[in-house]
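One file, my_file38.cif, is given below (mmCIF, C-alpha atoms).
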data_run
loop_
_atom_site.label_atom_id
_atom_site.label_comp_id
_atom_site.auth_asym_id
_atom_site.auth_seq_id
_atom_site.Cartn_x
_atom_site.Cartn_y
_atom_site.Cartn_z
CA MET A 1 18.29 42.14 103.51
CA LEU A 2 19.15 45.69 104.38
CA ARG A 3 21.21 44.39 107.35
CA TYR A 4 23.47 42.46 104.97
CA PHE A 5 23.90 45.55 102.77
CA ILE A 6 24.91 47.76 105.73
CA SER A 7 27.33 45.12 107.08
CA ALA A 8 28.88 44.76 103.64
CA CYS A 9 29.27 48.56 103.38
CA PHE A 10 30.98 48.75 106.75
CA ILE A 11 33.42 45.96 105.83
CA LEU A 12 34.20 47.54 102.49
CA CYS A 13 34.81 50.96 104.11
CA PHE A 14 37.17 49.40 106.61
CA LEU A 15 39.09 47.57 103.93
CA THR A 16 39.52 50.64 101.74
CA GLY A 17 40.80 52.52 104.79
CA ARG A 18 43.52 49.89 105.32
CA SER A 19 44.88 50.02 101.76
CA GLN A 20 45.82 53.69 102.17
CA GLY A 21 47.88 53.04 105.35
CA LYS A 22 51.44 52.91 103.83
CA PRO A 23 52.97 56.09 102.31
CA ILE A 24 54.03 55.81 98.65
CA ASP A 25 57.75 54.82 98.34
CA LEU A 26 59.30 57.05 95.63
CA GLN A 27 62.79 55.35 95.77
CA PRO A 28 62.42 51.64 95.10
CA LYS A 29 65.56 49.75 96.24
CA ASP A 30 67.32 47.22 94.07
CA THR A 31 67.72 44.13 96.22
CA LEU A 32 70.38 42.64 93.92
CA VAL A 33 73.80 43.00 95.70
CA TYR A 34 77.07 43.42 93.64
CA LYS A 35 79.61 40.78 94.61
CA GLU A 36 83.31 41.06 93.80
CA PRO A 37 85.32 37.97 92.84
CA TYR A 38 87.90 36.71 95.33
CA GLY A 39 90.51 34.16 94.47
CA LEU A 40 94.07 33.24 93.63
CA ARG A 41 96.08 34.94 90.89
CA ALA A 42 99.22 33.29 89.54
CA GLY A 43 101.56 34.20 86.74
CA ILE A 44 105.09 34.67 85.49
CA ASP A 45 107.37 37.62 85.02
CA LEU A 46 107.93 38.39 81.34
CA SER A 47 111.02 40.61 81.60
CA ARG A 48 113.38 37.97 82.98
CA PRO A 49 112.93 35.36 80.23
CA ALA A 50 113.20 38.17 77.66
CA LEU A 51 116.49 39.35 79.19
CA SER A 52 117.74 35.75 79.30
CA PHE A 53 117.13 35.49 75.59
CA LEU A 54 118.77 38.81 74.72
CA ASN A 55 121.70 38.67 77.14
CA ASP A 56 124.22 35.83 77.14
CA ASP A 57 125.38 36.60 80.65
CA TYR A 58 122.00 36.38 82.32
CA THR A 59 119.38 33.69 82.83
CA GLY A 60 116.41 33.96 85.12
CA PHE A 61 112.71 33.47 85.66
CA GLU A 62 110.20 34.54 88.28
CA ILE A 63 106.76 33.30 89.33
CA VAL A 64 104.36 35.84 90.83
CA GLY A 65 101.15 35.26 92.69
CA ASP A 66 98.65 36.88 94.96
CA TYR A 67 95.58 36.04 96.96
CA ARG A 68 92.82 38.49 97.80
CA LEU A 69 92.21 38.84 101.52
CA THR A 70 89.80 41.75 101.74
CA GLN A 71 88.39 44.26 99.32
CA LYS A 72 91.67 46.19 99.21
CA LEU A 73 94.31 43.87 100.67
CA TYR A 74 96.16 41.13 98.81
CA LEU A 75 98.65 38.60 100.08
CA ALA A 76 101.44 38.57 97.48
CA ALA A 77 104.51 36.50 96.77
CA GLU A 78 107.26 36.17 94.18
CA LEU A 79 109.58 33.23 93.67
CA GLY A 80 112.51 33.36 91.30
CA ASN A 81 115.88 32.05 90.22
CA GLU A 82 118.63 34.10 88.59
CA LYS A 83 122.16 33.63 87.32
CA LYS A 84 124.31 36.52 86.19
CA THR A 85 127.93 36.79 85.05
CA GLN A 86 129.55 40.18 85.34
CA GLN A 87 132.90 41.67 84.40
CA GLU A 88 134.23 44.62 86.33
CA GLU A 89 136.64 46.83 84.43
CA LEU A 90 138.70 49.88 85.19
CA GLY A 91 136.50 52.72 84.15
CA ASN A 92 136.57 56.51 83.86
CA LEU A 93 140.17 56.74 82.71
CA ASP A 94 141.21 59.00 79.86
CA SER A 95 143.28 56.26 78.28
CA GLY A 96 140.18 54.15 77.83
CA ASN A 97 139.88 50.67 79.24
CA LEU A 98 143.24 49.99 80.92
CA GLY A 99 142.30 46.56 81.98
CA GLU A 100 139.92 44.08 83.43
CA LEU A 101 139.64 43.79 87.16
CA TYR A 102 137.60 40.69 87.91
CA ASN A 103 134.90 38.48 86.46
CA TYR A 104 132.35 36.71 88.61
CA THR A 105 129.10 34.74 88.35
CA THR A 106 126.31 34.81 90.91
CA SER A 107 123.58 32.21 90.83
CA GLY A 108 120.75 31.51 93.23
CA SER A 109 117.07 31.78 94.09
CA TYR A 110 114.91 34.10 96.09
CA ILE A 111 111.46 34.27 97.63
CA LYS A 112 109.50 37.38 98.55
CA LEU A 113 106.36 37.45 100.69
CA GLY A 114 104.19 40.39 101.55
CA ILE A 115 101.05 42.44 101.36
CA ASP A 116 99.72 44.68 98.60
CA HIS A 117 97.20 47.41 99.25
CA ASN A 118 95.05 48.51 96.33
CA THR A 119 94.62 52.28 96.32
CA TYR A 120 92.52 52.41 93.16
CA GLU A 121 88.74 52.81 93.24
CA ASN A 122 87.36 50.33 90.73
CA TRP A 123 84.21 51.15 88.87
CA TYR A 124 81.39 48.65 88.74
CA GLY A 125 82.55 45.39 87.20
CA MET A 126 86.24 46.34 86.89
CA ASN A 127 89.14 44.71 88.70
CA ASN A 128 92.18 46.88 88.08
CA ALA A 129 94.62 47.83 90.79
CA ILE A 130 97.24 50.42 91.58
CA HIS A 131 98.90 49.03 94.64
CA ILE A 132 101.56 49.84 97.17
CA GLY A 133 102.95 47.22 99.44
CA GLY A 134 105.86 45.64 101.18
CA ARG A 135 107.76 42.41 101.02
CA TYR A 136 110.16 40.46 103.16
CA ALA A 137 112.61 38.69 100.87
CA TYR A 138 115.23 35.99 101.35
CA SER A 139 117.76 34.68 98.88
CA THR A 140 120.28 31.87 98.90
CA PHE A 141 122.99 31.94 96.28
CA SER A 142 126.58 31.13 95.44
CA GLN A 143 129.25 33.26 93.83
CA THR A 144 132.06 32.06 91.58
CA LEU A 145 135.11 34.23 91.01
CA ASN A 146 136.06 33.26 87.47
CA ASN A 147 139.26 35.24 87.07
CA TYR A 148 140.79 38.41 88.45
CA GLN A 149 143.74 40.75 88.16
CA ILE A 150 145.71 42.56 90.86
CA PHE A 151 145.18 46.30 90.82
CA ASP A 152 148.42 48.28 91.01
CA SER A 153 148.61 51.95 90.18
CA ASN A 154 152.40 51.65 89.73
CA ARG A 155 153.23 50.50 86.22
CA TYR A 156 157.00 49.93 86.61
CA TRP A 157 157.16 46.14 86.65
CA ASN A 158 154.11 45.43 84.43
CA PRO A 159 153.62 48.32 82.04
CA GLU A 160 151.34 46.44 79.64
CA GLY A 161 148.64 45.45 82.12
CA PHE A 162 147.76 44.10 85.52
CA VAL A 163 149.21 40.90 86.95
CA GLN A 164 146.80 37.98 86.55
CA GLY A 165 145.53 36.41 89.75
CA ALA A 166 144.78 32.73 90.21
CA THR A 167 143.41 31.19 87.02
CA GLU A 168 141.23 28.50 88.61
CA PRO A 169 137.67 29.73 89.29
CA GLU A 170 136.93 29.97 93.00
CA GLU A 171 133.47 29.17 94.27
CA PHE A 172 131.91 30.63 97.41
CA SER A 173 128.74 28.73 98.22
CA GLY A 174 126.17 28.73 100.97
CA LEU A 175 125.71 32.50 100.91
CA ASN A 176 122.42 34.11 101.79
CA ALA A 177 120.85 37.51 102.27
CA SER A 178 117.54 38.98 103.37
CA TRP A 179 115.95 42.34 102.79
CA LEU A 180 112.76 44.40 102.99
CA GLU A 181 111.13 45.80 99.89
CA PHE A 182 108.73 48.61 99.23
CA VAL A 183 106.66 47.83 96.15
CA LEU A 184 104.72 50.16 93.89
CA GLY A 185 102.84 48.59 91.05
CA LEU A 186 99.76 48.24 89.00
CA LYS A 187 97.70 45.38 87.60
CA VAL A 188 95.30 45.74 84.73
CA GLU A 189 92.73 43.19 83.64
CA LEU A 190 93.21 42.68 79.92
CA PHE A 191 90.31 40.30 79.32
CA ALA A 192 88.68 37.26 80.92
CA HIS A 193 90.76 36.96 84.12
CA ILE A 194 94.12 37.68 82.41
CA TYR A 195 96.08 40.44 84.17
CA LEU A 196 99.13 42.41 83.11
CA GLY A 197 101.17 43.78 85.97
CA ALA A 198 104.17 46.05 86.39
CA SER A 199 105.99 47.08 89.53
CA VAL A 200 109.06 48.88 90.79
CA ARG A 201 110.73 48.03 94.05
CA LEU A 202 113.04 49.67 96.52
CA GLY A 203 114.91 47.22 98.69
CA TYR A 204 116.74 47.68 101.98
CA LEU A 205 119.29 45.01 102.83
CA ILE A 206 119.07 43.59 106.35
CA THR A 207 121.38 40.59 106.49
CA ASP A 208 124.17 39.71 104.11
CA LYS A 209 126.26 36.62 104.70
CA ALA A 210 129.37 36.85 102.54
CA SER A 211 132.66 35.01 102.29
CA ASP A 212 135.74 36.70 103.80
CA ARG A 213 137.62 36.80 100.55
CA PHE A 214 135.05 38.26 98.20
CA PRO A 215 132.02 40.32 99.22
CA ASN A 216 128.51 40.02 97.76
CA LEU A 217 128.27 42.42 94.85
CA TRP A 218 125.01 41.24 93.28
CA ILE A 219 122.17 39.29 94.89
CA PRO A 220 119.44 37.50 92.92
CA GLY A 221 116.19 39.39 93.47
CA PHE A 222 117.87 42.39 95.05
CA ASN A 223 120.22 43.28 92.16
CA LYS A 224 123.37 45.35 92.45
CA ILE A 225 124.73 46.23 95.86
CA THR A 226 126.39 49.63 95.86
CA ASP A 227 129.44 50.34 98.02
CA GLY A 228 128.46 51.80 101.34
CA SER A 229 124.71 51.63 100.78
CA ASN A 230 122.06 49.09 101.74
CA PHE A 231 119.54 50.17 99.10
CA GLY A 232 118.75 48.40 95.87
CA VAL A 233 116.13 48.74 93.15
CA GLY A 234 114.31 46.24 91.03
CA TYR A 235 111.28 45.85 88.84
CA ASN A 236 109.01 43.25 87.40
CA TYR A 237 106.58 42.95 84.52
CA SER A 238 104.13 40.07 84.86
CA LEU A 239 101.32 38.27 83.12
CA SER A 240 98.97 36.38 85.43
CA TYR A 241 95.73 34.47 85.43
CA PHE A 242 93.02 34.91 88.05
CA ILE A 243 91.30 31.79 89.43
CA PRO A 244 88.04 32.88 91.09
CA LEU A 245 87.25 30.95 94.26
CA TYR A 246 84.28 32.73 95.79
CA LYS A 247 82.37 35.99 95.64
CA LYS A 248 81.93 38.47 98.41
CA ALA A 249 79.72 41.51 98.62
CA LYS A 250 81.33 44.87 98.24
CA LYS A 251 81.10 46.84 101.46
CA PRO A 252 78.77 49.80 100.84
CA LYS A 253 80.20 53.24 101.42
CA LYS A 254 78.56 55.28 104.16
CA LYS A 255 76.32 57.87 102.52
CA GLU A 256 74.73 60.92 104.09
CA VAL A 257 70.95 60.38 104.01
CA GLU A 258 68.92 63.48 103.35
CA THR A 259 65.80 63.50 105.46
CA LEU A 260 62.73 65.28 104.21
CA GLU A 261 60.96 67.19 106.92
CA MET B 262 94.54 64.01 90.66
CA GLY B 263 96.21 64.35 94.05
CA LYS B 264 96.68 60.61 94.44
CA ALA B 265 98.11 60.23 90.94
CA SER B 266 100.73 62.93 91.46
CA VAL B 267 101.82 61.35 94.77
CA LEU B 268 102.21 57.98 93.07
CA LEU B 269 104.13 59.58 90.21
CA LEU B 270 106.49 61.22 92.70
CA VAL B 271 107.17 57.91 94.45
CA LEU B 272 107.75 56.22 91.10
CA LEU B 273 110.24 58.89 90.04
CA THR B 274 112.08 58.56 93.37
CA ILE B 275 112.46 54.83 92.94
CA ILE B 276 113.65 55.22 89.34
CA SER B 277 116.16 57.86 90.40
CA PHE B 278 117.62 55.41 92.92
CA ALA B 279 118.16 53.03 90.03
CA ALA B 280 119.90 55.75 88.02
CA CYS B 281 122.28 56.69 90.82
CA GLU B 282 125.62 55.00 90.47
CA LYS B 283 128.81 55.81 92.28
CA ASP B 284 131.74 56.68 90.09
CA ASP B 285 133.71 53.51 89.50
CA ILE B 286 137.09 55.06 90.19
CA CYS B 287 139.35 53.15 92.52
CA VAL B 288 140.25 55.52 95.35
CA GLU B 289 139.81 53.29 98.34
CA GLY B 290 143.09 51.43 98.17
CA ASP B 291 146.12 50.42 96.16
CA THR B 292 148.98 47.95 96.14
CA PRO B 293 151.47 49.50 98.60
CA LEU B 294 155.07 50.50 97.85
CA LEU B 295 158.01 49.37 99.97
CA VAL B 296 158.95 52.38 102.10
CA ILE B 297 162.68 52.73 102.96
CA LEU B 298 164.30 55.30 105.29
CA PHE B 299 168.01 56.11 105.10
CA PHE B 300 169.94 56.72 108.33
CA ASP B 301 173.50 57.58 109.23
CA VAL B 302 175.33 54.45 110.38
CA ASP B 303 177.40 56.52 112.85
CA ASN B 304 174.33 58.29 114.24
CA PRO B 305 171.53 55.72 113.88
CA THR B 306 168.72 58.10 114.80
CA VAL B 307 169.71 60.79 112.30
CA GLU B 308 168.31 60.57 108.81
CA LYS B 309 170.88 60.85 106.06
CA PRO B 310 169.98 61.31 102.41
CA VAL B 311 171.93 59.39 99.80
CA PRO B 312 173.92 61.57 97.35
CA ASN B 313 172.94 61.10 93.70
CA LEU B 314 170.72 58.12 94.44
CA ARG B 315 169.65 55.96 91.52
CA ILE B 316 167.61 52.76 91.84
CA ILE B 317 167.16 50.36 88.96
CA GLY B 318 165.11 47.15 89.17
CA LEU B 319 167.04 44.01 88.29
CA GLU B 320 166.24 42.79 84.74
CA LYS B 321 164.95 46.27 83.87
CA ASP B 322 166.73 49.02 81.93
CA SER B 323 164.86 51.98 83.33
CA VAL B 324 165.07 53.61 86.71
CA VAL B 325 162.32 53.16 89.30
CA ASN B 326 159.45 55.54 88.55
CA THR B 327 158.60 56.55 92.13
CA ILE B 328 161.62 58.75 92.93
CA VAL B 329 163.48 61.57 91.25
CA ASP B 330 166.51 60.07 89.53
CA ARG B 331 169.95 61.06 90.90
CA SER B 332 168.52 63.26 93.63
CA SER B 333 170.68 64.03 96.66
CA SER B 334 167.95 65.10 99.02
CA LEU B 335 165.98 61.90 99.51
CA ASP B 336 166.09 60.21 102.88
CA SER B 337 162.82 58.30 102.50
CA ILE B 338 161.67 56.56 99.36
CA GLY B 339 158.97 54.14 98.17
CA ILE B 340 159.73 51.52 95.56
CA PRO B 341 157.37 49.02 93.88
CA LEU B 342 157.71 45.30 94.57
CA ARG B 343 156.91 42.59 92.01
CA ILE B 344 153.51 40.95 92.46
CA ASP B 345 154.08 38.04 90.10
CA GLN B 346 156.98 36.55 92.06
CA ASN B 347 158.15 36.25 95.67
CA ASN B 348 161.28 38.38 95.41
CA THR B 349 162.34 41.67 93.90
CA GLY B 350 165.92 42.78 93.34
CA PHE B 351 167.18 46.36 92.93
CA SER B 352 170.49 47.99 92.15
CA PHE B 353 170.98 50.79 94.68
CA ILE B 354 173.54 53.24 93.29
CA THR B 355 175.10 56.05 95.32
CA GLY B 356 177.04 58.87 93.68
CA SER B 357 175.44 57.92 90.40
CA ALA B 358 176.96 59.57 87.31
CA ASP B 359 177.82 58.68 83.74
CA ASP B 360 181.36 58.77 82.38
CA GLU B 361 182.21 59.69 78.77
CA ASN B 362 181.12 56.20 77.58
CA ASP B 363 177.73 56.40 79.36
CA MET B 364 178.91 53.83 81.88
CA GLU B 365 177.84 54.04 85.51
CA THR B 366 180.60 55.32 87.80
CA GLY B 367 178.75 55.27 91.12
CA ASN B 368 178.88 52.55 93.79
CA ILE B 369 176.33 49.79 92.95
CA ASP B 370 174.88 47.57 95.70
CA THR B 371 172.45 44.80 94.80
CA LEU B 372 169.68 44.34 97.31
CA THR B 373 166.97 41.64 97.06
CA PHE B 374 163.77 41.51 99.08
CA ASN B 375 161.89 38.24 99.70
CA TYR B 376 158.24 38.08 100.74
CA GLU B 377 154.88 36.33 100.29
CA THR B 378 152.08 38.09 98.37
CA LYS B 379 148.58 38.14 99.78
CA GLU B 380 145.54 39.25 97.75
CA VAL B 381 143.03 41.50 99.47
CA PHE B 382 139.70 42.64 98.01
CA ILE B 383 139.33 46.37 98.56
CA SER B 384 136.06 47.50 96.99
CA ARG B 385 133.86 47.07 93.92
CA ALA B 386 135.77 49.70 91.96
CA CYS B 387 139.27 48.50 92.91
CA GLY B 388 138.99 44.74 93.02
CA PHE B 389 142.01 42.95 94.44
CA VAL B 390 145.29 44.55 95.52
CA ALA B 391 148.44 42.82 96.74
CA ASN B 392 149.80 43.01 100.28
CA TYR B 393 153.17 41.54 101.23
CA GLU B 394 154.19 39.65 104.33
CA GLY B 395 157.18 37.85 105.72
CA LEU B 396 159.56 40.47 104.34
CA THR B 397 163.27 39.64 104.50
CA ASP B 398 166.26 41.31 102.84
CA ASP B 399 169.32 39.94 101.16
CA LEU B 400 172.28 42.21 100.42
CA SER B 401 174.81 40.85 97.94
CA ALA B 402 178.24 41.27 99.44
CA ASP B 403 180.77 42.82 97.09
CA THR B 404 184.15 44.49 97.44
CA ASP B 405 182.74 47.86 98.43
CA ASN B 406 179.21 47.93 99.98
CA TRP B 407 178.03 51.44 100.69
CA ILE B 408 175.05 50.02 102.58
CA GLU B 409 176.34 49.14 106.06
CA SER B 410 173.27 47.48 107.59
CA ILE B 411 169.57 46.93 107.00
CA GLU B 412 166.81 46.73 109.57
CA ILE B 413 163.29 45.42 108.82
CA VAL B 414 160.92 47.62 110.80
CA THR B 415 157.79 45.68 109.90
CA SER B 416 157.64 42.47 107.88
CA SER B 417 154.04 43.03 106.77
CA ILE B 418 153.43 45.62 104.05
CA GLU B 419 149.81 46.76 103.90
CA ASN B 420 150.09 50.46 103.11
CA SER B 421 152.59 53.07 101.98
CA ALA B 422 152.13 55.29 105.05
CA THR B 423 154.69 53.79 107.45
CA ALA B 424 158.33 52.84 106.96
CA HIS B 425 159.06 49.16 106.41
CA VAL B 426 162.86 49.09 106.07
CA LYS B 427 165.72 51.16 107.49
CA ILE B 428 169.01 51.30 105.61
CA PHE B 429 172.13 52.55 107.43
CA HIS B 430 174.98 53.95 105.39
#
Please express the file's structure as structure tokens.
Amino acid sequence: MLRYFISACFILCFLTGRSQGKPIDLQPKDTLVYKEPYGLRAGIDLSRPALSFLNDDYTGFEIVGDYRLTQKLYLAAELGNEKKTQQEELGNLDSGNLGELYNYTTSGSYIKLGIDHNTYENWYGMNNAIHIGGRYAYSTFSQTLNNYQIFDSNRYWNPEGFVQGATEPEEFSGLNASWLEFVLGLKVELFAHIYLGASVRLGYLITDKASDRFPNLWIPGFNKITDGSNFGVGYNYSLSYFIPLYKKAKKPKKKEVETLE
Amino acid sequence: MGKASVLLLVLLTIISFAACEKDDICVEGDTPLLVILFFDVDNPTVEKPVPNLRIIGLEKDSVVNTIVDRSSSLDSIGIPLRIDQNNTGFSFITGSADDENDMETGNIDTLTFNYETKEVFISRACGFVANYEGLTDDLSADTDNWIESIEIVTSSIENSATAHVKIFH
């Protein structure tokens, strides 16, 4: 009888010794990992249809989209079509508008492909972005010279105005151009996967195929070409919808671990 | 705060590029004038100004606006050609003066130039200007021509810097 008691005591002592083996963990870890949504975002530019409505000489629309590659990198693209009629007039003269010089219409489409890098640190659960990026863009278009006058600073033979050029509109088709763009923009999540975006762009023209008779003065997607400069500016203002495809864990930031001695 | 100010600076730079616009004044080119040099017919390499020179375009009442009227010191002049047709005629008057009835007493020679116009696009601010090619001259013979002979130096007129026609008198 006593033997059983002593054996039981020994076993119990041993067991109680084992339960005190692990030190008490004062920082319990949450094993739930935060995953960010990855997917495709597609939308349209709002400024171009608005300008088409307000301005008789302009029609255009643009589709924007991007696809998230990594936590901070997005593959982005824009696709658009624009048509603009412009009248160039003699300006900056004291006598006011002496006359019209030429009137032309440019119409065509463009595509821009590139990468956006998000520089904004999102808080938990937010998906906004302030991004910088670049694009390679290509446009094909045609220009039509609607009418023009011959510039002559001597007013002896035609004192009332410039001599009219050919009256039939001339079309120059099969023109194209390509350029690089630096993009700075932001995208804000309004609610439930709807994003509002705005961006400004600085473009640098690389190739410019023009007709011999009339140079390219305005390119869809690149906007106005200034004499003697390859730079152009543009902007866009977009509304897009995010289609989530999968979720991926956010990479944890390296933290300095304080060790207690 | 540092990142936001950098982004703001880049944004302002891009916007300022959009605001920059070159002055749209046409300075890069112009429709050229016909440049004529006057030489002595007896000494063909010596320039000889025309006394009291007056030039009036045919079908116009006023004198040409590119030279001083009735000047005696001009041996090189530039006159405007018509763009809307392929010929321009001028009355070249030497010894120009008015009598008591305001009638011209000088010697009038009628000279017509024939050419083809060619339109050339210069720049965004200028648009198209006219150049002339295939220049030929046609002097109307009358009882007393003061112009002895005419030589076309270059039949293509693209600028007003070089002489296009030499007139010997």
Output of the PyMOL selection byres ((chain B) within 6 of (chain A)), listed as a VMD selection string: chain B and resid 279 292 388 to 390
Would you write out those residues with C-alpha atoms, as a PDB file, in the coordinates of the input?
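selection06.pdb, freshly written:
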ATOM      1  CA  ALA B 279     118.160  53.030  90.030  1.00  0.00           C
ATOM      2  CA  THR B 292     148.980  47.950  96.140  1.00  0.00           C
ATOM      3  CA  GLY B 388     138.990  44.740  93.020  1.00  0.00           C
ATOM      4  CA  PHE B 389     142.010  42.950  94.440  1.00  0.00           C
ATOM      5  CA  VAL B 390     145.290  44.550  95.520  1.00  0.00           C
TER       6      VAL B 390
END
Selection result for the PyMOL selection byres ((chain A and resi 239) around 9) on this file, as a compact mmCIF listing (two decimals) with C-alpha atoms, in the coordinates of the input:
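Saved to out_13.txt:
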# COMPACT_ATOMS: atom_id res chain seq x y z
CA ALA A 42 99.22 33.29 89.54
CA GLY A 43 101.56 34.20 86.74
CA ILE A 44 105.09 34.67 85.49
CA ASP A 45 107.37 37.62 85.02
CA LEU A 46 107.93 38.39 81.34
CA VAL A 64 104.36 35.84 90.83
CA ILE A 194 94.12 37.68 82.41
CA TYR A 195 96.08 40.44 84.17
CA LEU A 196 99.13 42.41 83.11
CA GLY A 197 101.17 43.78 85.97
CA ALA A 198 104.17 46.05 86.39
CA TYR A 237 106.58 42.95 84.52
CA SER A 238 104.13 40.07 84.86
CA SER A 240 98.97 36.38 85.43
CA TYR A 241 95.73 34.47 85.43
Would you mind reading off the distance between atom CA of Asp405 of chain B and atom CA of Asn368 of chain B, one decimal, in Å?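 Going from atom CA of Asp405 of chain B over to atom CA of Asn368 of chain B covers 7.6 Å.
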Scan for residues within 9 Å of the point (136.4, 30.2, 87.2) in the coordinates of the file, using only C-alpha atoms, and reply as a PyMOL selection string. chain A and resi 103-105+144-147+167-171
Given the PyMOL selection byres ((chain B and resi 342) around 9), the residues it picks as JSON, numbers by chain: {"A": [157], "B": [293, 294, 295, 340, 341, 343, 344, 348, 349, 350, 374, 393]}
Exercise: Glu412 of chain B partners within 10 Å, all atoms listed in the file, chain neighbours under 2 positions left out, as a list of chain:residue names: B:Ile297, B:Leu298, B:Thr397, B:Asp398, B:Ser410, B:Val414, B:Thr415, B:His425, B:Val426, B:Lys427, B:Ile428, B:Phe429
Can those selected residues be exported to a file as a PDB file, in the frame of the given file so that it contains C-alpha atoms?
ATOM      1  CA  ILE B 297     162.680  52.730 102.960  1.00  0.00           C
ATOM      2  CA  LEU B 298     164.300  55.300 105.290  1.00  0.00           C
ATOM      3  CA  THR B 397     163.270  39.640 104.500  1.00  0.00           C
ATOM      4  CA  ASP B 398     166.260  41.310 102.840  1.00  0.00           C
ATOM      5  CA  SER B 410     173.270  47.480 107.590  1.00  0.00           C
ATOM      6  CA  VAL B 414     160.920  47.620 110.800  1.00  0.00           C
ATOM      7  CA  THR B 415     157.790  45.680 109.900  1.00  0.00           C
ATOM      8  CA  HIS B 425     159.060  49.160 106.410  1.00  0.00           C
ATOM      9  CA  VAL B 426     162.860  49.090 106.070  1.00  0.00           C
ATOM     10  CA  LYS B 427     165.720  51.160 107.490  1.00  0.00           C
ATOM     11  CA  ILE B 428     169.010  51.300 105.610  1.00  0.00           C
ATOM     12  CA  PHE B 429     172.130  52.550 107.430  1.00  0.00           C
TER      13      PHE B 429
END
Point-to-point distance from atom CA of Ala424 of chain B to atom CA of Glu365 of chain B, Å rounded to tenths: 29.0 Å
At a cut-off of 7 Å, using only C-alpha atoms, what residues contact Leu79 of chain A? Leave out same-chain residues fewer than 3 positions from it and give the result as a PyMOL selection string. chain A and resi 62-64+110-112
Go ahead and compute the interatomic distance for atom CA of Val324 of chain B and atom CA of Val296 of chain B, in Å to one decimal.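 Here the two named atoms are 16.6 Å from each other.
Among the candidate residues A:Ile24, A:Leu51, A:Met126, A:Leu205, the one lying nearest to Leu190 of chain A is A:Met126, with distances computed using all atoms listed in the file.
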Could you name the residues that touch Arg41 of chain A at 8 Å or less, counting all atoms listed in the file, but leaving out those on the same chain fewer than 6 positions away, as a list in words?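 Selected residues are Gly65, Asp66, Tyr67, Ser240, Tyr241, Phe242 and Ile243 of chain A.
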Looking at all atoms listed in the file, which of A:Asn55, A:Gln71, A:Ser7, A:Gln87 is the one that sits closest to Asp116 of chain A?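 Answer, going by the shortest atom-to-atom distance: A:Gln71.
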Please determine the residues with any atom at most 12 Å from (172.9, 64.9, 97.0) (coordinates as given in the file, with all atoms listed in the file counting) and report them as an mmCIF file with C-alpha atoms, in the frame of the given file.
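Here's the written file out.cif:
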data_model
loop_
_atom_site.group_PDB
_atom_site.id
_atom_site.type_symbol
_atom_site.label_atom_id
_atom_site.label_comp_id
_atom_site.auth_asym_id
_atom_site.auth_seq_id
_atom_site.Cartn_x
_atom_site.Cartn_y
_atom_site.Cartn_z
ATOM 1 C CA LYS B 309 170.880 60.850 106.060
ATOM 2 C CA PRO B 310 169.980 61.310 102.410
ATOM 3 C CA VAL B 311 171.930 59.390 99.800
ATOM 4 C CA PRO B 312 173.920 61.570 97.350
ATOM 5 C CA ASN B 313 172.940 61.100 93.700
ATOM 6 C CA LEU B 314 170.720 58.120 94.440
ATOM 7 C CA ARG B 315 169.650 55.960 91.520
ATOM 8 C CA VAL B 329 163.480 61.570 91.250
ATOM 9 C CA ASP B 330 166.510 60.070 89.530
ATOM 10 C CA ARG B 331 169.950 61.060 90.900
ATOM 11 C CA SER B 332 168.520 63.260 93.630
ATOM 12 C CA SER B 333 170.680 64.030 96.660
ATOM 13 C CA SER B 334 167.950 65.100 99.020
ATOM 14 C CA LEU B 335 165.980 61.900 99.510
ATOM 15 C CA ASP B 336 166.090 60.210 102.880
ATOM 16 C CA THR B 355 175.100 56.050 95.320
ATOM 17 C CA GLY B 356 177.040 58.870 93.680
ATOM 18 C CA SER B 357 175.440 57.920 90.400
ATOM 19 C CA ALA B 358 176.960 59.570 87.310
#
Smallest atom-to-atom distance to Ala422 of chain B: which of B:Ser384, B:Asn406, B:Ser401, B:Ser337, using all atoms listed in the file? B:Ser337
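Using all atoms listed in the file, the protein and nucleic acid residues lying no more than 12 Å from Ser323 of chain B, apart from those fewer than 3 places from it along its own chain, are A:Tyr156, A:Trp157, A:Pro159, B:Arg315, B:Ile316, B:Ile317, B:Gly318, B:Leu319, B:Glu320, B:Asn326, B:Thr327, B:Asp330, B:Phe351, B:Ser352.
Minimum atom-to-atom distance to Tyr138 of chain A, evaluated using only C-alpha atoms, belongs to A:Pro220 out of A:Gly125, A:Gly161, A:Pro49, A:Pro220.
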What lies within 8 Å of Lys247 of chain A using all atoms listed in the file, ignoring chain neighbours under 5 positions off, as a list of chain:residue names?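 Listed by chain and then number, they are A:Lys35, A:Glu36, A:Pro37, A:Tyr38.
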